[in-house]
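Enquirer: One structure, pasted below without further comment.
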Amino acid sequence: MELKKIEKILQKEPEDAAEELLKEVEKAYGEVPYILNFMKQNPELLVTKILYDNSIIREFKRLDAKTIELISIGVSAALKCPHCLKLHIRVAQRLGVTKEEIFDAILIAGSLSNAAVLAEGTRAMDAEKQNEECGVCGIPGEKNKY
């Protein structure tokens, strides 16, 4: 969204600005996400959220819309947010993303999620093993009673 358009929106009453921005969101997504509809009761917050999200997601010209939706699908799957996941799958399908491409994004998210669990778990195991060997607060021979 161009800076001049943002300035015009910000000069409006918050309720009017929110309505205009929701129309823009619907144009981009083909629907208005639930959370944005929910936030209509707080138009000042809604306007800033939409402008912030738009500046990150829609204004980058380095990534095309399909890539953005595939990333959104992967992140939604990894974060286990069924609402976001379903929305981004619908948007991706409207953009022509295939079922196979969507599945690949989910598989990548699953692989990275699995790696994160393994990395965190094994590091915690190693840290506890070192704590047992070093004793309490680095005092050899003192056992941790906790």
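We name chains A, B, ... following the order of the structure tokens; residues begin at 1 in each chain, and ligands are numbered from 1 as shown.
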Write out as a PyMOL selection string each polymer residue whose atoms come within 10 Å of A:Gln93, counting only C-alpha atoms; drop sequence neighbours fewer than 5 positions from it.

Expert: chain A and resi 66+69+87-88+98-99+102

Enquirer: May I have the selected residues written with N, CA and C atoms, as a PDB file, in the first residue's frame?

Expert:
ATOM      1  N   LYS A  66       1.932 -16.631  -4.111  1.00  0.00           N
ATOM      2  CA  LYS A  66       1.884 -18.081  -3.866  1.00  0.00           C
ATOM      3  C   LYS A  66       2.944 -18.501  -2.843  1.00  0.00           C
ATOM      4  N   GLU A  69       1.879 -17.491   0.617  1.00  0.00           N
ATOM      5  CA  GLU A  69       0.856 -18.392   1.169  1.00  0.00           C
ATOM      6  C   GLU A  69       1.448 -19.743   1.557  1.00  0.00           C
ATOM      7  N   LEU A  87      -7.413 -21.050   6.608  1.00  0.00           N
ATOM      8  CA  LEU A  87      -7.527 -19.806   5.840  1.00  0.00           C
ATOM      9  C   LEU A  87      -6.460 -19.752   4.758  1.00  0.00           C
ATOM     10  N   HIS A  88      -5.206 -20.023   5.116  1.00  0.00           N
ATOM     11  CA  HIS A  88      -4.127 -19.910   4.131  1.00  0.00           C
ATOM     12  C   HIS A  88      -4.201 -21.003   3.075  1.00  0.00           C
ATOM     13  N   THR A  98      -1.234 -25.850  -5.980  1.00  0.00           N
ATOM     14  CA  THR A  98      -1.751 -27.220  -6.068  1.00  0.00           C
ATOM     15  C   THR A  98      -1.770 -27.899  -4.697  1.00  0.00           C
ATOM     16  N   LYS A  99      -2.554 -28.959  -4.628  1.00  0.00           N
ATOM     17  CA  LYS A  99      -2.630 -29.762  -3.402  1.00  0.00           C
ATOM     18  C   LYS A  99      -1.245 -30.307  -3.052  1.00  0.00           C
ATOM     19  N   ILE A 102       0.907 -27.569  -1.495  1.00  0.00           N
ATOM     20  CA  ILE A 102       0.464 -27.327  -0.121  1.00  0.00           C
ATOM     21  C   ILE A 102       0.977 -28.434   0.793  1.00  0.00           C
TER      22      ILE A 102
END

Enquirer: Could you name the residues that touch A:Asp16 at 10 Å or less, counting only C-alpha atoms, but leaving out those on the same chain fewer than 6 positions away, as a list in words?

Expert: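 Contacts, in chain order: Ile9, Leu10, Leu22, Pro43 and Val47 of chain A.
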
Enquirer: Got time to write the residues from that selection, C-alpha atoms, as an mmCIF file, in the first residue's frame?

Expert:
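Output below, filename out_39.cif:
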data_model
loop_
_atom_site.group_PDB
_atom_site.id
_atom_site.type_symbol
_atom_site.label_atom_id
_atom_site.label_comp_id
_atom_site.auth_asym_id
_atom_site.auth_seq_id
_atom_site.Cartn_x
_atom_site.Cartn_y
_atom_site.Cartn_z
ATOM 1 C CA ILE A 9 -6.700 6.233 5.555
ATOM 2 C CA LEU A 10 -5.187 7.570 8.765
ATOM 3 C CA LEU A 22 -11.232 -4.663 5.589
ATOM 4 C CA PRO A 43 -10.965 0.028 15.079
ATOM 5 C CA VAL A 47 -6.202 -0.354 11.547
#

Enquirer: Can you tell me how far atom CA of A:Phe38 sits from atom CA of A:Glu2, in Å to one decimal?

Expert: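 Between atom CA of A:Phe38 and atom CA of A:Glu2 the gap works out to 25.9 Å.
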
Enquirer: Quick one: everything within 9 Å of A:Lys86, counting only C-alpha atoms, minus sequence neighbours fewer than 5 positions away in the same chain. Send it as a PyMOL selection string.

Expert: chain A and resi 73+76+81+91
